[in-house]
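Enquirer: Take this structure, written in structure tokens, and hold onto it; I'll ask about it next.
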Amino acid sequence: MYELTETPSEDGELYGVRWIAGSQSLCYDAITDNKDELQALVLLCNRLQLDKNQLEDVLDDFLTDFHV
């Protein structure tokens, strides 16, 4: 399961993605200040049951040239 993370910063909140399965987790914090777009990506990852091994590539695409 994927979820949105929030990290306080001097300029406001920054958002990231966390994958959780049982006692395992993988987290990419503070990757964007655009909560709405990242929340849409998190929902898409959950709906498609994205494998955690693909998360880094998906985030790279999201940050460089892809928007939901």
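Just so we're on the same page: first chain in the structure tokens is A, next is B, and so on; residues restart at 1 for each chain, and ligands are numbered from 1 in the order they show up.
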Would you please extract all strand (DSSP E) residues from chain A, as assigned by DSSP on the backbone, and give them as a PyMOL selection string?

Expert: chain A and resi 2-9+12-21+24-32

Enquirer: How about saving the chosen residues, C-alpha atoms kept, as a PDB file, in the first residue's frame?

Expert:
```pdb
ATOM      1  CA  TYR A   2       1.210   3.479  -0.849  1.00  0.00           C
ATOM      2  CA  GLU A   3       0.529   6.618   1.162  1.00  0.00           C
ATOM      3  CA  LEU A   4       1.362  10.298   1.047  1.00  0.00           C
ATOM      4  CA  THR A   5       3.917  11.646   3.527  1.00  0.00           C
ATOM      5  CA  GLU A   6       4.261  15.222   4.773  1.00  0.00           C
ATOM      6  CA  THR A   7       7.491  16.911   5.804  1.00  0.00           C
ATOM      7  CA  PRO A   8       7.550  20.449   7.230  1.00  0.00           C
ATOM      8  CA  SER A   9       9.963  22.868   5.565  1.00  0.00           C
ATOM      9  CA  GLY A  12       5.659  25.076   3.789  1.00  0.00           C
ATOM     10  CA  GLU A  13       4.920  21.383   3.482  1.00  0.00           C
ATOM     11  CA  LEU A  14       6.778  19.005   1.201  1.00  0.00           C
ATOM     12  CA  TYR A  15       5.231  15.691   0.202  1.00  0.00           C
ATOM     13  CA  GLY A  16       6.563  12.243  -0.492  1.00  0.00           C
ATOM     14  CA  VAL A  17       5.489   8.628  -0.935  1.00  0.00           C
ATOM     15  CA  ARG A  18       5.744   5.679   1.430  1.00  0.00           C
ATOM     16  CA  TRP A  19       5.182   2.034   0.537  1.00  0.00           C
ATOM     17  CA  ILE A  20       4.152  -0.200   3.436  1.00  0.00           C
ATOM     18  CA  ALA A  21       3.629  -3.968   3.547  1.00  0.00           C
ATOM     19  CA  GLN A  24       8.502  -3.519   5.547  1.00  0.00           C
ATOM     20  CA  SER A  25       8.488   0.016   4.218  1.00  0.00           C
ATOM     21  CA  LEU A  26      10.161   2.167   1.600  1.00  0.00           C
ATOM     22  CA  CYS A  27       9.951   5.947   1.785  1.00  0.00           C
ATOM     23  CA  TYR A  28      10.787   8.861  -0.498  1.00  0.00           C
ATOM     24  CA  ASP A  29      10.220  12.019   1.542  1.00  0.00           C
ATOM     25  CA  ALA A  30      10.075  15.668   0.507  1.00  0.00           C
ATOM     26  CA  ILE A  31       9.995  15.223  -3.265  1.00  0.00           C
ATOM     27  CA  THR A  32       7.460  17.913  -4.201  1.00  0.00           C
TER      28      THR A  32
END
```

Enquirer: Got a sec: who's within 12 Å of Glu37 of chain A, counting only C-alpha atoms, leaving out chain neighbours fewer than 2 positions off, as a list in words?

Expert: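 Close residues of Glu37 of chain A: Leu4, Tyr15, Gly16, Val17, Ile31, Thr32, Asp33, Asn34, Lys35, Gln39, Ala40, Leu41, Val42, Leu43, Leu44, Leu59, Phe62, Leu63, Phe66, His67 and Val68 of chain A.
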
Enquirer: Looking only at the backbone, which of the residues in chain A does DSSP tag as helix (DSSP H, G or I), as a list in words?

Expert: Lys35, Asp36, Glu37, Leu38, Gln39, Ala40, Leu41, Val42, Leu43, Leu44, Cys45, Asn46, Arg47, Lys52, Asn53, Gln54, Leu55, Glu56, Asp57, Val58, Leu59, Asp60, Asp61, Phe62, Leu63 and Thr64 of chain A

Enquirer: Please measure the separation of atom CA of Glu10 of chain A and atom CA of Asp65 of chain A, giving the value in Å to one decimal.

Expert: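 Between these atoms lies a distance of 26.3 Å.
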